[in-house]
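What follows is the content of target-v4.cif (mmCIF, C-alpha atoms).
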data_start
#
loop_
_atom_site.label_atom_id
_atom_site.label_comp_id
_atom_site.auth_asym_id
_atom_site.auth_seq_id
_atom_site.Cartn_x
_atom_site.Cartn_y
_atom_site.Cartn_z
CA MET O 627 -74.99 2.83 39.72
CA ALA O 628 -74.59 0.56 42.76
CA PHE O 629 -72.69 -2.73 42.56
CA ALA O 630 -74.63 -5.98 41.99
CA GLY O 631 -77.90 -4.05 42.01
CA ARG O 632 -77.33 -2.92 45.58
CA THR O 633 -78.29 0.62 46.58
CA HIS O 634 -77.50 0.45 50.33
CA LEU O 635 -75.02 -1.06 52.77
CA GLY O 636 -76.81 -0.98 56.10
CA ARG O 637 -77.77 2.61 56.79
CA TYR O 638 -75.49 3.92 54.04
CA ARG O 639 -77.02 4.80 50.66
CA LEU O 640 -74.54 4.30 47.82
CA VAL O 641 -74.31 7.41 45.64
CA ARG O 642 -71.48 6.65 43.19
CA GLN O 643 -68.17 4.86 42.90
CA VAL O 644 -65.28 7.31 43.25
CA ARG O 645 -62.40 5.03 42.33
CA ALA O 646 -61.18 1.45 42.54
CA GLY O 647 -57.94 -0.13 43.67
CA GLN O 648 -56.65 -3.67 43.49
CA THR O 649 -58.74 -5.02 46.36
CA CYS O 650 -61.21 -2.26 47.26
CA GLN O 651 -63.69 0.17 45.77
CA ILE O 652 -64.24 3.65 47.19
CA TRP O 653 -67.84 4.84 47.21
CA LEU O 654 -69.42 8.16 48.01
CA ALA O 655 -72.35 7.37 50.29
CA HIS O 656 -75.02 9.09 52.35
CA ASP O 657 -75.29 8.21 56.05
CA GLY O 658 -78.99 7.78 56.80
CA ALA O 659 -78.45 8.35 60.52
CA THR O 660 -76.30 11.49 60.48
CA HIS O 661 -77.25 12.74 56.97
CA GLU O 662 -73.54 13.25 56.23
CA ARG O 663 -71.62 12.37 53.10
CA VAL O 664 -69.11 9.61 53.84
CA ALA O 665 -66.69 7.42 51.92
CA LEU O 666 -67.04 3.64 52.01
CA LYS O 667 -63.95 1.51 51.40
CA VAL O 668 -65.56 -1.73 50.22
CA LEU O 669 -63.77 -5.00 49.52
CA LYS O 670 -64.27 -6.23 45.97
CA GLU O 671 -66.35 -9.37 45.61
CA GLU O 672 -63.39 -11.70 45.07
CA TYR O 673 -61.77 -10.56 48.36
CA ARG O 674 -64.81 -10.53 50.66
CA LYS O 675 -63.96 -13.88 52.23
CA SER O 676 -60.22 -13.24 52.50
CA ARG O 677 -59.16 -13.23 56.14
CA HIS O 678 -56.10 -11.20 55.22
CA GLU O 679 -58.02 -8.45 53.43
CA ILE O 680 -60.73 -8.29 56.09
CA GLY O 681 -57.95 -8.11 58.68
CA GLN O 682 -56.40 -5.18 56.80
CA LEU O 683 -59.65 -3.23 56.97
CA LYS O 684 -60.07 -4.05 60.66
CA HIS O 685 -56.49 -2.96 61.31
CA GLU O 686 -57.03 0.33 59.50
CA TYR O 687 -60.04 0.94 61.73
CA THR O 688 -58.02 0.06 64.85
CA VAL O 689 -55.34 2.59 63.89
CA GLY O 690 -57.64 5.37 62.80
CA ARG O 691 -60.58 5.24 65.20
CA ASP O 692 -58.87 7.33 67.90
CA LEU O 693 -57.19 9.81 65.55
CA GLN O 694 -58.87 13.21 65.56
CA HIS O 695 -56.91 15.81 63.62
CA PRO O 696 -57.77 18.09 60.69
CA ARG O 697 -54.81 16.79 58.69
CA VAL O 698 -55.69 13.10 59.15
CA ILE O 699 -58.68 11.37 57.58
CA ARG O 700 -61.37 10.46 60.10
CA VAL O 701 -62.08 6.72 60.38
CA ILE O 702 -65.67 6.19 61.52
CA GLU O 703 -66.64 2.52 61.47
CA PHE O 704 -65.81 -1.01 60.35
CA SER O 705 -68.73 -3.24 59.48
CA ILE O 706 -69.80 -6.35 57.58
CA VAL O 707 -73.29 -6.19 56.08
CA GLU O 708 -74.71 -9.22 54.26
CA GLY O 709 -71.20 -10.57 53.70
CA VAL O 710 -69.75 -7.26 52.45
CA PRO O 711 -66.88 -5.93 54.63
CA PHE O 712 -66.33 -2.18 54.48
CA LEU O 713 -64.76 0.76 56.24
CA VAL O 714 -66.57 4.08 56.74
CA LEU O 715 -64.40 7.18 56.37
CA GLU O 716 -64.76 10.91 56.27
CA TYR O 717 -65.45 11.96 52.68
CA TYR O 718 -62.78 14.42 51.59
CA GLY O 719 -62.45 15.30 47.94
CA VAL O 720 -61.98 12.81 45.15
CA ARG O 721 -58.32 12.99 44.12
CA ASN O 722 -55.07 12.16 45.81
CA LEU O 723 -51.75 13.85 45.05
CA LYS O 724 -50.64 11.03 42.73
CA GLN O 725 -53.72 11.46 40.56
CA ILE O 726 -53.10 15.20 40.34
CA LEU O 727 -49.42 14.58 39.50
CA ASN O 728 -50.43 12.22 36.71
CA ASP O 729 -52.55 15.02 35.31
CA ARG O 730 -49.77 17.64 35.38
CA VAL O 731 -46.97 18.25 37.86
CA ASP O 732 -47.26 22.04 37.72
CA ARG O 733 -50.81 21.76 39.07
CA LEU O 734 -49.20 21.27 42.49
CA SER O 735 -46.42 23.86 42.30
CA SER O 736 -48.36 26.77 43.78
CA LYS O 737 -49.72 24.50 46.54
CA ILE O 738 -46.43 22.89 47.54
CA ASP O 739 -45.92 24.97 50.71
CA VAL O 740 -49.34 23.96 52.08
CA ILE O 741 -48.84 20.32 51.07
CA LEU O 742 -45.41 20.24 52.67
CA GLN O 743 -46.57 21.79 55.94
CA GLU O 744 -49.85 19.95 56.34
CA GLY O 745 -48.50 16.57 55.25
CA THR O 746 -45.69 16.89 57.79
CA VAL O 747 -48.14 17.88 60.53
CA GLY O 748 -50.40 14.90 59.74
CA LEU O 749 -47.47 12.49 59.94
CA GLU O 750 -46.23 14.08 63.17
CA TYR O 751 -49.68 13.58 64.72
CA LEU O 752 -49.68 9.90 63.70
CA HIS O 753 -46.21 9.46 65.19
CA GLN O 754 -47.25 11.18 68.43
CA HIS O 755 -49.91 8.48 68.81
CA GLY O 756 -47.28 5.76 68.52
CA TRP O 757 -47.84 4.68 64.91
CA LEU O 758 -45.52 4.47 61.91
CA HIS O 759 -47.36 4.86 58.62
CA ARG O 760 -44.95 2.69 56.55
CA ASP O 761 -46.58 3.60 53.23
CA VAL O 762 -45.98 7.33 52.82
CA LYS O 763 -46.46 8.26 49.15
CA PRO O 764 -48.42 10.76 47.02
CA ASP O 765 -51.32 8.31 46.73
CA ASN O 766 -51.91 8.53 50.50
CA PHE O 767 -52.54 12.26 50.74
CA MET O 768 -55.91 13.64 49.65
CA LEU O 769 -56.18 17.21 48.39
CA GLY O 770 -59.62 18.53 49.25
CA ASP O 771 -61.71 21.09 47.44
CA ASP O 772 -60.72 23.52 50.22
CA GLY O 773 -57.06 23.26 49.19
CA HIS O 774 -55.98 21.40 52.32
CA VAL O 775 -54.34 17.99 52.70
CA LYS O 776 -55.25 14.91 54.73
CA LEU O 777 -53.20 11.79 55.38
CA ILE O 778 -55.04 8.54 54.53
CA ASP O 779 -54.68 4.74 54.46
CA PHE O 780 -53.40 3.12 57.65
CA SER O 781 -53.51 -0.47 56.39
CA LEU O 782 -49.72 -0.91 56.80
CA ALA O 783 -49.35 1.23 59.92
CA LYS O 784 -47.52 -0.41 62.80
CA ARG O 785 -46.76 0.47 66.40
CA ALA O 786 -43.35 2.05 66.80
CA LYS O 787 -41.08 0.01 69.03
CA LYS O 788 -39.29 1.79 71.83
CA GLY O 789 -36.27 1.20 74.02
CA ILE O 790 -34.93 -2.33 74.23
CA ALA O 791 -37.78 -3.67 72.05
CA ARG O 792 -36.50 -1.56 69.14
CA LEU O 793 -32.96 -2.85 69.61
CA LEU O 794 -34.08 -6.48 69.80
CA GLY O 795 -36.62 -6.25 67.00
CA GLY O 796 -34.69 -8.48 64.59
CA ARG O 797 -35.57 -8.70 60.89
CA SER O 798 -39.00 -9.15 59.40
CA LYS O 799 -39.51 -11.98 56.90
CA ILE O 800 -42.35 -10.06 55.25
CA VAL O 801 -41.35 -6.75 53.68
CA GLN O 802 -44.29 -4.40 53.07
CA GLY O 803 -44.51 -0.99 51.45
CA THR O 804 -44.43 0.66 48.02
CA ARG O 805 -41.13 0.15 46.19
CA SER O 806 -40.67 3.71 44.91
CA TYR O 807 -40.75 5.12 48.46
CA MET O 808 -39.30 2.45 50.76
CA SER O 809 -36.37 3.25 53.02
CA PRO O 810 -33.28 1.02 52.87
CA GLU O 811 -34.03 -0.38 56.33
CA GLN O 812 -37.61 -1.15 55.29
CA ILE O 813 -36.33 -3.08 52.26
CA ARG O 814 -33.92 -5.02 54.51
CA GLY O 815 -36.74 -5.92 56.90
CA GLU O 816 -35.14 -4.14 59.86
CA THR O 817 -36.99 -2.65 62.81
CA LEU O 818 -38.33 0.72 61.68
CA ASP O 819 -38.63 4.05 63.42
CA ILE O 820 -39.92 7.50 62.54
CA ARG O 821 -36.96 8.13 60.27
CA SER O 822 -38.24 5.52 57.82
CA ASP O 823 -41.37 7.63 57.28
CA VAL O 824 -39.06 10.65 56.95
CA TYR O 825 -37.28 8.86 54.09
CA SER O 826 -40.56 8.04 52.33
CA TRP O 827 -41.80 11.61 52.83
CA GLY O 828 -38.56 12.83 51.24
CA CYS O 829 -39.18 10.59 48.22
CA THR O 830 -42.73 11.94 48.06
CA LEU O 831 -41.65 15.59 48.17
CA PHE O 832 -39.04 14.88 45.50
CA GLU O 833 -41.79 13.53 43.23
CA LEU O 834 -44.22 16.36 43.98
CA VAL O 835 -41.65 18.89 42.80
CA ASN O 836 -39.93 16.85 40.09
CA GLY O 837 -42.89 14.98 38.61
CA ARG O 838 -41.14 11.62 38.95
CA PRO O 839 -39.92 9.60 41.97
CA PRO O 840 -36.22 9.83 42.88
CA TYR O 841 -35.52 6.32 41.61
CA THR O 842 -36.95 4.25 38.76
CA GLY O 843 -36.02 0.81 37.50
CA GLU O 844 -36.94 -1.68 34.82
CA SER O 845 -37.53 -4.34 37.47
CA ALA O 846 -38.52 -4.47 41.12
CA ASP O 847 -35.03 -5.67 42.08
CA GLU O 848 -33.35 -2.83 40.19
CA LEU O 849 -35.58 -0.24 41.85
CA LEU O 850 -35.03 -1.62 45.35
CA ASN O 851 -31.29 -1.86 44.77
CA LYS O 852 -31.19 1.86 43.91
CA HIS O 853 -32.82 2.69 47.26
CA LEU O 854 -30.14 0.58 48.91
CA LYS O 855 -27.04 1.67 47.00
CA ALA O 856 -27.54 4.45 44.42
CA SER O 857 -26.39 7.97 45.17
CA VAL O 858 -29.08 10.27 46.52
CA PRO O 859 -30.41 12.50 43.71
CA LEU O 860 -30.43 16.28 44.00
CA LEU O 861 -33.55 18.17 42.90
CA THR O 862 -31.56 21.08 41.49
CA VAL O 863 -30.13 18.80 38.79
CA THR O 864 -33.50 18.61 37.04
CA GLN O 865 -35.38 21.60 38.51
CA ASP O 866 -33.60 24.94 38.14
CA ASN O 867 -36.27 26.83 40.11
CA VAL O 868 -35.72 24.79 43.29
CA THR O 869 -33.55 26.39 45.98
CA ASP O 870 -30.29 24.76 47.01
CA ALA O 871 -31.48 24.69 50.65
CA PHE O 872 -34.67 22.77 49.86
CA ALA O 873 -32.89 20.34 47.54
CA GLU O 874 -30.29 19.65 50.24
CA LEU O 875 -32.96 19.06 52.88
CA VAL O 876 -34.91 16.61 50.70
CA SER O 877 -31.68 14.75 49.89
CA ARG O 878 -30.86 14.56 53.60
CA MET O 879 -34.33 13.11 54.26
CA MET O 880 -33.41 10.37 51.77
CA SER O 881 -30.03 9.58 53.26
CA LYS O 882 -29.16 5.86 53.19
CA ARG O 883 -28.12 6.13 56.84
CA ARG O 884 -31.09 6.94 59.03
CA LYS O 885 -28.97 8.76 61.62
CA GLU O 886 -28.22 11.41 58.98
CA ARG O 887 -31.94 12.17 58.44
CA PRO O 888 -34.01 14.57 60.55
CA ASP O 889 -35.06 12.73 63.72
CA SER O 890 -38.76 13.60 63.60
CA MET O 891 -41.46 15.37 61.65
CA ALA O 892 -41.35 18.14 64.27
CA ASP O 893 -37.64 18.67 63.57
CA LEU O 894 -38.41 18.64 59.88
CA MET O 895 -41.12 21.27 60.26
CA ARG O 896 -38.71 23.55 62.10
CA GLU O 897 -36.29 23.26 59.19
CA PHE O 898 -39.01 23.84 56.60
CA GLN O 899 -39.87 27.14 58.27
CA HIS O 900 -36.47 28.52 57.28
CA VAL O 901 -36.35 27.11 53.74
CA LYS O 902 -38.01 28.28 50.52
CA VAL O 903 -38.96 25.59 47.99
CA PHE O 904 -38.72 27.71 44.85
CA THR O 905 -36.45 30.55 43.85
CA HIS O 906 -39.36 32.18 42.05
CA LEU O 907 -42.92 31.52 43.23
CA PRO O 908 -44.82 29.54 40.55
CA LEU O 909 -48.10 30.92 39.30
CA ASP O 910 -51.40 28.97 39.29
#

Could you render the structure from this file as structure tokens?
Amino acid sequence: MAFAGRTHLGRYRLVRQVRAGQTCQIWLAHDGATHERVALKVLKEEYRKSRHEIGQLKHEYTVGRDLQHPRVIRVIEFSIVEGVPFLVLEYYGVRNLKQILNDRVDRLSSKIDVILQEGTVGLEYLHQHGWLHRDVKPDNFMLGDDGHVKLIDFSLAKRAKKGIARLLGGRSKIVQGTRSYMSPEQIRGETLDIRSDVYSWGCTLFELVNGRPPYTGESADELLNKHLKASVPLLTVTQDNVTDAFAELVSRMMSKRRKERPDSMADLMREFQHVKVFTHLPLD
């Protein structure tokens, strides 16, 4: 059923709503020009005149339009049709890693090596093109029917500062991100670099194996304070099938001091190649 009686947005025929977030709906659609299945990220009615939300969609298109990699979602078009702003994306499966985790954590155990490798490669590609994702979390990785992973959602992505610009970046008055995965420097509003995404990817991997994020809190302030000051958790405390080497690497990714983390996703991938996640390989 299409929204408000509508069956099309421009040349795109609406097939069905896949899911809905706070500000957007995701629709499976048929492209009348290319005859491909695509995903439409459509602003909900109450946000269709919001300059901020329209700007977020435009920004996501700006980031993604030149990215062409099998581990990164393809961003095709930004458009406004009859007052409805939307983004056109490659259609790739219907569930992200968070949704699968909420179903059952062991559903991901046998796939963790592929998720780890392909998620890292997708982030490395984004970094090579000068962008920081700034919202790395299970929700932003799609697992396709083919068993492969794609990085999605560039609404918070920002150009990485280099050289003197990074040193003189100052502090941001607006702190953006998702609290369960934000690096200490992101919480403090400092100038970010690749190692902030490394931290968030560490929190994500911790959750994918453990079933819960590394830190929880009864309030936003308590949760953020744990990212700033609490000791870094070790996966082997709660998961006896995780190897010491993998647990140590994930903890190092979540170090409070960014200089103690791996410097890049490429460095991280080289380390992953010499580390097993599980002592005994889980069964499907």

Self-check item: For Arg883 of chain O, the nearest of the candidates O:Pro810, O:Gly843, O:Gly815, O:Gly828, counting all atoms listed in the file
Solution: O:Pro810

Quiz item: Do you know which residues are at most 10 Å from Arg691 of chain O counting only C-alpha atoms, after dropping those on the same chain fewer than 3 positions away, and could you put them as a PyMOL selection string?
Solution: chain O and resi 685-688+694+699-704+715

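Interatomic distance, atom CA of Thr905 of chain O against atom CA of Ala871 of chain O: 10.3 Å.
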
Self-check item: Test item: residues at most 8 Å from Val668 of chain O, all atoms listed in the file, excluding those fewer than 2 positions along its chain, as a VMD selection string
Solution: chain O and resid 650 to 653 666 670 710 to 713

Mind writing the picked residues with C-alpha atoms as an mmCIF file, in the frame of the given file?
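In the end it all went to part_6.cif:
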data_model
loop_
_atom_site.group_PDB
_atom_site.id
_atom_site.type_symbol
_atom_site.label_atom_id
_atom_site.label_comp_id
_atom_site.auth_asym_id
_atom_site.auth_seq_id
_atom_site.Cartn_x
_atom_site.Cartn_y
_atom_site.Cartn_z
ATOM 1 C CA CYS O 650 -61.210 -2.260 47.260
ATOM 2 C CA GLN O 651 -63.690 0.170 45.770
ATOM 3 C CA ILE O 652 -64.240 3.650 47.190
ATOM 4 C CA TRP O 653 -67.840 4.840 47.210
ATOM 5 C CA LEU O 666 -67.040 3.640 52.010
ATOM 6 C CA LYS O 670 -64.270 -6.230 45.970
ATOM 7 C CA VAL O 710 -69.750 -7.260 52.450
ATOM 8 C CA PRO O 711 -66.880 -5.930 54.630
ATOM 9 C CA PHE O 712 -66.330 -2.180 54.480
ATOM 10 C CA LEU O 713 -64.760 0.760 56.240
#

Evaluate the PyMOL selection byres ((chain O and resi 764-772) around 8) on the structure here and hand back the selected residues as a compact mmCIF listing (two decimals) with C-alpha atoms, in the coordinates of the input.
# COMPACT_ATOMS: atom_id res chain seq x y z
CA TYR O 718 -62.78 14.42 51.59
CA GLY O 719 -62.45 15.30 47.94
CA VAL O 720 -61.98 12.81 45.15
CA ARG O 721 -58.32 12.99 44.12
CA ASN O 722 -55.07 12.16 45.81
CA LEU O 723 -51.75 13.85 45.05
CA LYS O 724 -50.64 11.03 42.73
CA GLN O 725 -53.72 11.46 40.56
CA GLY O 745 -48.50 16.57 55.25
CA ASP O 761 -46.58 3.60 53.23
CA VAL O 762 -45.98 7.33 52.82
CA LYS O 763 -46.46 8.26 49.15
CA GLY O 773 -57.06 23.26 49.19
CA HIS O 774 -55.98 21.40 52.32
CA VAL O 775 -54.34 17.99 52.70
CA LYS O 776 -55.25 14.91 54.73
CA LEU O 777 -53.20 11.79 55.38
CA ILE O 778 -55.04 8.54 54.53
CA ASP O 779 -54.68 4.74 54.46
CA THR O 830 -42.73 11.94 48.06
CA LEU O 834 -44.22 16.36 43.98

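Once the PyMOL selection byres ((chain O and resi 872-878) around 6) is applied to the depicted file, the selected set reads Gly828, Leu860, Leu861, Thr869, Asp870, Ala871, Met879, Met880, Ser881, Arg887 and Val903 of chain O.
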
Dump of C-alpha atoms for the selected residues, as a JSON list (two decimals), keeping the file's coordinate frame:
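Below you can see again_12.json, which holds the result:
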[["chain", "number", "residue", "atom", "x", "y", "z"],
["O", 828, "GLY", "CA", -38.56, 12.83, 51.24],
["O", 860, "LEU", "CA", -30.43, 16.28, 44.00],
["O", 861, "LEU", "CA", -33.55, 18.17, 42.90],
["O", 869, "THR", "CA", -33.55, 26.39, 45.98],
["O", 870, "ASP", "CA", -30.29, 24.76, 47.01],
["O", 871, "ALA", "CA", -31.48, 24.69, 50.65],
["O", 879, "MET", "CA", -34.33, 13.11, 54.26],
["O", 880, "MET", "CA", -33.41, 10.37, 51.77],
["O", 881, "SER", "CA", -30.03, 9.58, 53.26],
["O", 887, "ARG", "CA", -31.94, 12.17, 58.44],
["O", 903, "VAL", "CA", -38.96, 25.59, 47.99]]

Self-check item: O:His661, O:Arg733, O:His759, O:Lys667 ranked by distance to Ala646 of chain O, top pick (using all atoms listed in the file)
Solution: O:Lys667

Self-check item: Point (-34.1, 3.2, 43.9), cut-off 6 Å, counting only C-alpha atoms, residues as a VMD selection string
Solution: chain O and resid 841 to 842 849 to 853

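Taking atom CA of Trp757 of chain O as the reference point, atom CA of Val689 of chain O is found at 7.9 Å.
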
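Between atom CA of Thr633 of chain O and atom CA of Val698 of chain O the interatomic distance comes to 28.7 Å.
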
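The protein and nucleic acid residues lying at most 9 Å from segment 889-895 of chain O are Leu742, Gln743, Thr746, Val747, Leu749, Glu750, Tyr751, His753, Ile820, Arg821, Asp823, Val824, Leu875, Met879, Arg884, Lys885, Glu886, Arg887, Glu897, Phe898 and Gln899 of chain O, with all atoms listed in the file considered and sequence neighbours fewer than 2 positions away removed.
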
Exercise. Select all residues near (-76.6, 7.7, 56.4) (cut-off 12 Å, inclusive, file coordinates), counting only C-alpha atoms, and output them as a ChimeraX atom specification.
Key: /O:634-641,654-666,714

Could I get segment 843-864 of chain O rebuilt with N, CA and C atoms, written as a PDB file, keeping the file's coordinate frame?
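Dumped everything to result.pdb:
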ATOM      1  N   GLY O 843     -36.748   1.994  37.922  1.00  0.00           N
ATOM      2  CA  GLY O 843     -36.020   0.810  37.500  1.00  0.00           C
ATOM      3  C   GLY O 843     -36.869  -0.040  36.577  1.00  0.00           C
ATOM      4  N   GLU O 844     -36.210  -0.829  35.742  1.00  0.00           N
ATOM      5  CA  GLU O 844     -36.940  -1.680  34.820  1.00  0.00           C
ATOM      6  C   GLU O 844     -37.485  -2.932  35.499  1.00  0.00           C
ATOM      7  N   SER O 845     -37.028  -3.188  36.709  1.00  0.00           N
ATOM      8  CA  SER O 845     -37.530  -4.340  37.470  1.00  0.00           C
ATOM      9  C   SER O 845     -37.633  -3.937  38.935  1.00  0.00           C
ATOM     10  N   ALA O 846     -38.381  -4.731  39.692  1.00  0.00           N
ATOM     11  CA  ALA O 846     -38.520  -4.470  41.120  1.00  0.00           C
ATOM     12  C   ALA O 846     -37.156  -4.527  41.816  1.00  0.00           C
ATOM     13  N   ASP O 847     -36.344  -5.515  41.453  1.00  0.00           N
ATOM     14  CA  ASP O 847     -35.030  -5.670  42.080  1.00  0.00           C
ATOM     15  C   ASP O 847     -34.129  -4.475  41.788  1.00  0.00           C
ATOM     16  N   GLU O 848     -34.180  -3.979  40.553  1.00  0.00           N
ATOM     17  CA  GLU O 848     -33.350  -2.830  40.190  1.00  0.00           C
ATOM     18  C   GLU O 848     -33.763  -1.596  40.987  1.00  0.00           C
ATOM     19  N   LEU O 849     -35.074  -1.391  41.112  1.00  0.00           N
ATOM     20  CA  LEU O 849     -35.580  -0.240  41.850  1.00  0.00           C
ATOM     21  C   LEU O 849     -35.176  -0.308  43.319  1.00  0.00           C
ATOM     22  N   LEU O 850     -35.376  -1.468  43.942  1.00  0.00           N
ATOM     23  CA  LEU O 850     -35.030  -1.620  45.350  1.00  0.00           C
ATOM     24  C   LEU O 850     -33.529  -1.469  45.577  1.00  0.00           C
ATOM     25  N   ASN O 851     -32.745  -1.965  44.636  1.00  0.00           N
ATOM     26  CA  ASN O 851     -31.290  -1.860  44.770  1.00  0.00           C
ATOM     27  C   ASN O 851     -30.829  -0.398  44.720  1.00  0.00           C
ATOM     28  N   LYS O 852     -31.544   0.438  43.964  1.00  0.00           N
ATOM     29  CA  LYS O 852     -31.190   1.860  43.910  1.00  0.00           C
ATOM     30  C   LYS O 852     -31.461   2.527  45.269  1.00  0.00           C
ATOM     31  N   HIS O 853     -32.566   2.152  45.914  1.00  0.00           N
ATOM     32  CA  HIS O 853     -32.820   2.690  47.260  1.00  0.00           C
ATOM     33  C   HIS O 853     -31.721   2.268  48.225  1.00  0.00           C
ATOM     34  N   LEU O 854     -31.172   1.087  48.011  1.00  0.00           N
ATOM     35  CA  LEU O 854     -30.140   0.580  48.910  1.00  0.00           C
ATOM     36  C   LEU O 854     -28.761   1.162  48.628  1.00  0.00           C
ATOM     37  N   LYS O 855     -28.436   1.396  47.347  1.00  0.00           N
ATOM     38  CA  LYS O 855     -27.040   1.670  47.000  1.00  0.00           C
ATOM     39  C   LYS O 855     -26.793   2.887  46.120  1.00  0.00           C
ATOM     40  N   ALA O 856     -27.783   3.351  45.372  1.00  0.00           N
ATOM     41  CA  ALA O 856     -27.540   4.450  44.420  1.00  0.00           C
ATOM     42  C   ALA O 856     -27.331   5.758  45.170  1.00  0.00           C
ATOM     43  N   SER O 857     -26.592   6.662  44.560  1.00  0.00           N
ATOM     44  CA  SER O 857     -26.390   7.970  45.170  1.00  0.00           C
ATOM     45  C   SER O 857     -27.721   8.707  45.274  1.00  0.00           C
ATOM     46  N   VAL O 858     -27.839   9.535  46.293  1.00  0.00           N
ATOM     47  CA  VAL O 858     -29.080  10.270  46.520  1.00  0.00           C
ATOM     48  C   VAL O 858     -29.191  11.398  45.503  1.00  0.00           C
ATOM     49  N   PRO O 859     -30.287  11.460  44.737  1.00  0.00           N
ATOM     50  CA  PRO O 859     -30.410  12.500  43.710  1.00  0.00           C
ATOM     51  C   PRO O 859     -30.631  13.876  44.315  1.00  0.00           C
ATOM     52  N   LEU O 860     -30.278  14.897  43.567  1.00  0.00           N
ATOM     53  CA  LEU O 860     -30.430  16.280  44.000  1.00  0.00           C
ATOM     54  C   LEU O 860     -31.457  16.951  43.084  1.00  0.00           C
ATOM     55  N   LEU O 861     -32.476  17.558  43.676  1.00  0.00           N
ATOM     56  CA  LEU O 861     -33.550  18.170  42.900  1.00  0.00           C
ATOM     57  C   LEU O 861     -33.065  19.252  41.945  1.00  0.00           C
ATOM     58  N   THR O 862     -32.031  19.976  42.328  1.00  0.00           N
ATOM     59  CA  THR O 862     -31.560  21.080  41.490  1.00  0.00           C
ATOM     60  C   THR O 862     -30.958  20.613  40.170  1.00  0.00           C
ATOM     61  N   VAL O 863     -30.666  19.328  40.046  1.00  0.00           N
ATOM     62  CA  VAL O 863     -30.130  18.800  38.790  1.00  0.00           C
ATOM     63  C   VAL O 863     -31.177  18.864  37.683  1.00  0.00           C
ATOM     64  N   THR O 864     -32.433  18.623  38.046  1.00  0.00           N
ATOM     65  CA  THR O 864     -33.500  18.610  37.040  1.00  0.00           C
ATOM     66  C   THR O 864     -34.458  19.789  37.153  1.00  0.00           C
TER      67      THR O 864
END
